[in-house]
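Below is one structure, written out as structure tokens, with a few remarks after it.
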Amino acid sequence: MLKVRLQGTKNDIKWFRKILERNPKLEVYDFSDYFQNKGTKKYYRVYTNVKKREVKR
């Protein structure tokens, strides 16, 4: 499992979250709330866990 930090505008993070969640090779867990970066009101960060999806044969 990977622990991932995404950083950018809220729209950028939402866009990339959809890409992660739609990828059939990935399982995405525990998206955190938005945390505002210090010194700016434009950029935020979120944390998530990403795991390689098990292949069912």
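Ordering of the structure tokens sets the chain letters (A, B, ...), residue numbers begin anew at 1 in every chain, and ligands are numbered from 1 in the order given.
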*Identify, on the basis of only C-alpha atoms, every residue whose closest approach to A:Glu21 does not exceed 12 Å; exclude the query and any residue fewer than 6 positions from it along the same chain; express the result as a PyMOL selection string.*
chain A and resi 14-15+27-31+48-53
Taking C-alpha atoms for each residue, export the selection above as a PDB file, in the first residue's frame.
ATOM      1  CA  LYS A  14     -11.033  16.508  -7.191  1.00  0.00           C
ATOM      2  CA  TRP A  15     -10.031  15.888 -10.814  1.00  0.00           C
ATOM      3  CA  GLU A  27      -8.092   0.543  -4.761  1.00  0.00           C
ATOM      4  CA  VAL A  28      -8.288   3.959  -3.090  1.00  0.00           C
ATOM      5  CA  TYR A  29      -8.884   4.219   0.677  1.00  0.00           C
ATOM      6  CA  ASP A  30      -9.343   6.931   3.262  1.00  0.00           C
ATOM      7  CA  PHE A  31      -9.354  10.277   1.475  1.00  0.00           C
ATOM      8  CA  THR A  48      -5.029   8.925   0.874  1.00  0.00           C
ATOM      9  CA  ASN A  49      -3.991   5.294   0.747  1.00  0.00           C
ATOM     10  CA  VAL A  50      -3.716   3.521  -2.585  1.00  0.00           C
ATOM     11  CA  LYS A  51      -3.345  -0.214  -3.067  1.00  0.00           C
ATOM     12  CA  LYS A  52      -2.856  -2.378  -6.125  1.00  0.00           C
ATOM     13  CA  ARG A  53      -6.127  -4.178  -6.832  1.00  0.00           C
TER      14      ARG A  53
END
*All strand (DSSP E or B) residues (DSSP, backbone) inside chain A, as a ChimeraX atom specification*: /A:2-8,26-29,35-36,44-52
File of the preceding selection, C-alpha atoms, as a CSV table (one decimal), in the first residue's frame:
chain,number,residue,atom,x,y,z
A,2,LEU,CA,1.1,3.5,-0.7
A,3,LYS,CA,0.4,6.6,1.4
A,4,VAL,CA,-0.1,9.5,-1.0
A,5,ARG,CA,-0.2,13.2,-0.4
A,6,LEU,CA,-2.0,15.3,-3.1
A,7,GLN,CA,-1.4,19.0,-3.3
A,8,GLY,CA,-3.0,21.6,-5.4
A,26,LEU,CA,-6.2,0.6,-8.0
A,27,GLU,CA,-8.1,0.5,-4.8
A,28,VAL,CA,-8.3,4.0,-3.1
A,29,TYR,CA,-8.9,4.2,0.7
A,35,PHE,CA,-6.0,20.9,4.7
A,36,GLN,CA,-5.1,24.4,3.7
A,44,TYR,CA,-4.7,22.5,-0.3
A,45,ARG,CA,-3.5,19.1,0.5
A,46,VAL,CA,-5.2,15.7,1.1
A,47,TYR,CA,-3.9,12.3,2.1
A,48,THR,CA,-5.0,8.9,0.9
A,49,ASN,CA,-4.0,5.3,0.7
A,50,VAL,CA,-3.7,3.5,-2.6
A,51,LYS,CA,-3.3,-0.2,-3.1
A,52,LYS,CA,-2.9,-2.4,-6.1
*Write out as a list in words all residues of stretch 3-47 of chain A that backbone DSSP assigns to helix (DSSP H, G or I).*
Lys10, Asn11, Asp12, Ile13, Lys14, Trp15, Phe16, Arg17, Lys18, Ile19, Leu20, Glu21 and Arg22 of chain A
Could you write out the selected residues, including all heavy atoms, as a compact mmCIF listing (two decimals), in the first residue's frame?
# COMPACT_ATOMS: atom_id res chain seq x y z
N LYS A 10 -8.38 22.90 -5.02
CA LYS A 10 -9.44 21.92 -4.74
C LYS A 10 -9.92 21.25 -6.03
O LYS A 10 -10.16 20.06 -6.07
CB LYS A 10 -10.61 22.58 -4.03
CG LYS A 10 -10.35 22.82 -2.56
CD LYS A 10 -11.60 23.32 -1.86
CE LYS A 10 -11.36 23.47 -0.37
NZ LYS A 10 -12.57 23.91 0.34
N ASN A 11 -10.04 22.03 -7.11
CA ASN A 11 -10.49 21.45 -8.38
C ASN A 11 -9.48 20.45 -8.93
O ASN A 11 -9.87 19.40 -9.46
CB ASN A 11 -10.73 22.55 -9.42
CG ASN A 11 -12.01 23.30 -9.14
OD1 ASN A 11 -12.93 22.79 -8.51
ND2 ASN A 11 -12.09 24.53 -9.61
N ASP A 12 -8.19 20.75 -8.82
CA ASP A 12 -7.16 19.81 -9.29
C ASP A 12 -7.20 18.51 -8.49
O ASP A 12 -7.08 17.42 -9.06
CB ASP A 12 -5.77 20.43 -9.18
CG ASP A 12 -5.54 21.55 -10.18
OD1 ASP A 12 -6.26 21.60 -11.20
OD2 ASP A 12 -4.64 22.37 -9.93
N ILE A 13 -7.38 18.63 -7.19
CA ILE A 13 -7.42 17.43 -6.33
C ILE A 13 -8.65 16.59 -6.65
O ILE A 13 -8.56 15.36 -6.77
CB ILE A 13 -7.37 17.83 -4.85
CG1 ILE A 13 -6.00 18.45 -4.52
CG2 ILE A 13 -7.64 16.63 -3.95
CD1 ILE A 13 -5.91 19.11 -3.16
N LYS A 14 -9.81 17.23 -6.84
CA LYS A 14 -11.03 16.51 -7.19
C LYS A 14 -10.87 15.79 -8.52
O LYS A 14 -11.29 14.63 -8.68
CB LYS A 14 -12.22 17.47 -7.26
CG LYS A 14 -12.68 17.97 -5.93
CD LYS A 14 -13.79 19.00 -6.10
CE LYS A 14 -14.09 19.70 -4.80
NZ LYS A 14 -15.07 20.78 -4.97
N TRP A 15 -10.27 16.47 -9.49
CA TRP A 15 -10.03 15.89 -10.81
C TRP A 15 -9.16 14.64 -10.71
O TRP A 15 -9.48 13.59 -11.26
CB TRP A 15 -9.37 16.95 -11.70
CG TRP A 15 -8.75 16.42 -12.94
CD1 TRP A 15 -9.38 16.02 -14.08
CD2 TRP A 15 -7.35 16.22 -13.18
NE1 TRP A 15 -8.46 15.60 -15.01
CE2 TRP A 15 -7.20 15.71 -14.48
CE3 TRP A 15 -6.22 16.43 -12.41
CZ2 TRP A 15 -5.98 15.40 -15.01
CZ3 TRP A 15 -4.99 16.13 -12.96
CH2 TRP A 15 -4.88 15.62 -14.24
N PHE A 16 -8.06 14.74 -9.95
CA PHE A 16 -7.14 13.61 -9.86
C PHE A 16 -7.73 12.48 -9.02
O PHE A 16 -7.48 11.31 -9.28
CB PHE A 16 -5.79 14.06 -9.31
CG PHE A 16 -4.71 13.07 -9.57
CD1 PHE A 16 -4.20 12.90 -10.84
CD2 PHE A 16 -4.20 12.29 -8.55
CE1 PHE A 16 -3.21 11.97 -11.10
CE2 PHE A 16 -3.21 11.35 -8.80
CZ PHE A 16 -2.72 11.19 -10.08
N ARG A 17 -8.53 12.82 -8.04
CA ARG A 17 -9.18 11.79 -7.23
C ARG A 17 -10.07 10.91 -8.10
O ARG A 17 -10.08 9.69 -7.98
CB ARG A 17 -10.00 12.44 -6.12
CG ARG A 17 -10.74 11.43 -5.27
CD ARG A 17 -11.54 12.09 -4.18
NE ARG A 17 -12.21 11.09 -3.38
CZ ARG A 17 -12.79 11.32 -2.23
NH1 ARG A 17 -12.79 12.53 -1.73
NH2 ARG A 17 -13.38 10.35 -1.57
N LYS A 18 -10.82 11.53 -9.01
CA LYS A 18 -11.67 10.77 -9.92
C LYS A 18 -10.85 9.83 -10.79
O LYS A 18 -11.25 8.70 -11.05
CB LYS A 18 -12.49 11.71 -10.80
CG LYS A 18 -13.61 12.39 -10.07
CD LYS A 18 -14.36 13.33 -11.00
CE LYS A 18 -15.39 14.13 -10.24
NZ LYS A 18 -16.08 15.10 -11.09
N ILE A 19 -9.69 10.31 -11.25
CA ILE A 19 -8.82 9.45 -12.06
C ILE A 19 -8.37 8.24 -11.26
O ILE A 19 -8.40 7.11 -11.74
CB ILE A 19 -7.60 10.25 -12.58
CG1 ILE A 19 -8.05 11.26 -13.62
CG2 ILE A 19 -6.53 9.32 -13.14
CD1 ILE A 19 -6.97 12.23 -14.06
N LEU A 20 -7.94 8.47 -10.02
CA LEU A 20 -7.50 7.36 -9.17
C LEU A 20 -8.63 6.36 -8.92
O LEU A 20 -8.43 5.15 -9.02
CB LEU A 20 -6.99 7.89 -7.83
CG LEU A 20 -5.66 8.62 -7.82
CD1 LEU A 20 -5.38 9.15 -6.42
CD2 LEU A 20 -4.52 7.71 -8.26
N GLU A 21 -9.80 6.87 -8.60
CA GLU A 21 -10.92 5.99 -8.25
C GLU A 21 -11.45 5.21 -9.45
O GLU A 21 -11.98 4.12 -9.28
CB GLU A 21 -12.04 6.81 -7.60
CG GLU A 21 -11.66 7.29 -6.22
CD GLU A 21 -12.69 8.22 -5.60
OE1 GLU A 21 -13.49 8.84 -6.34
OE2 GLU A 21 -12.66 8.34 -4.36
N ARG A 22 -11.31 5.75 -10.64
CA ARG A 22 -11.80 5.06 -11.84
C ARG A 22 -10.80 4.05 -12.40
O ARG A 22 -11.17 3.25 -13.25
CB ARG A 22 -12.12 6.08 -12.93
CG ARG A 22 -13.33 6.91 -12.61
CD ARG A 22 -13.57 7.93 -13.69
NE ARG A 22 -14.72 8.78 -13.35
CZ ARG A 22 -14.96 9.93 -13.91
NH1 ARG A 22 -14.17 10.39 -14.86
NH2 ARG A 22 -16.00 10.64 -13.54
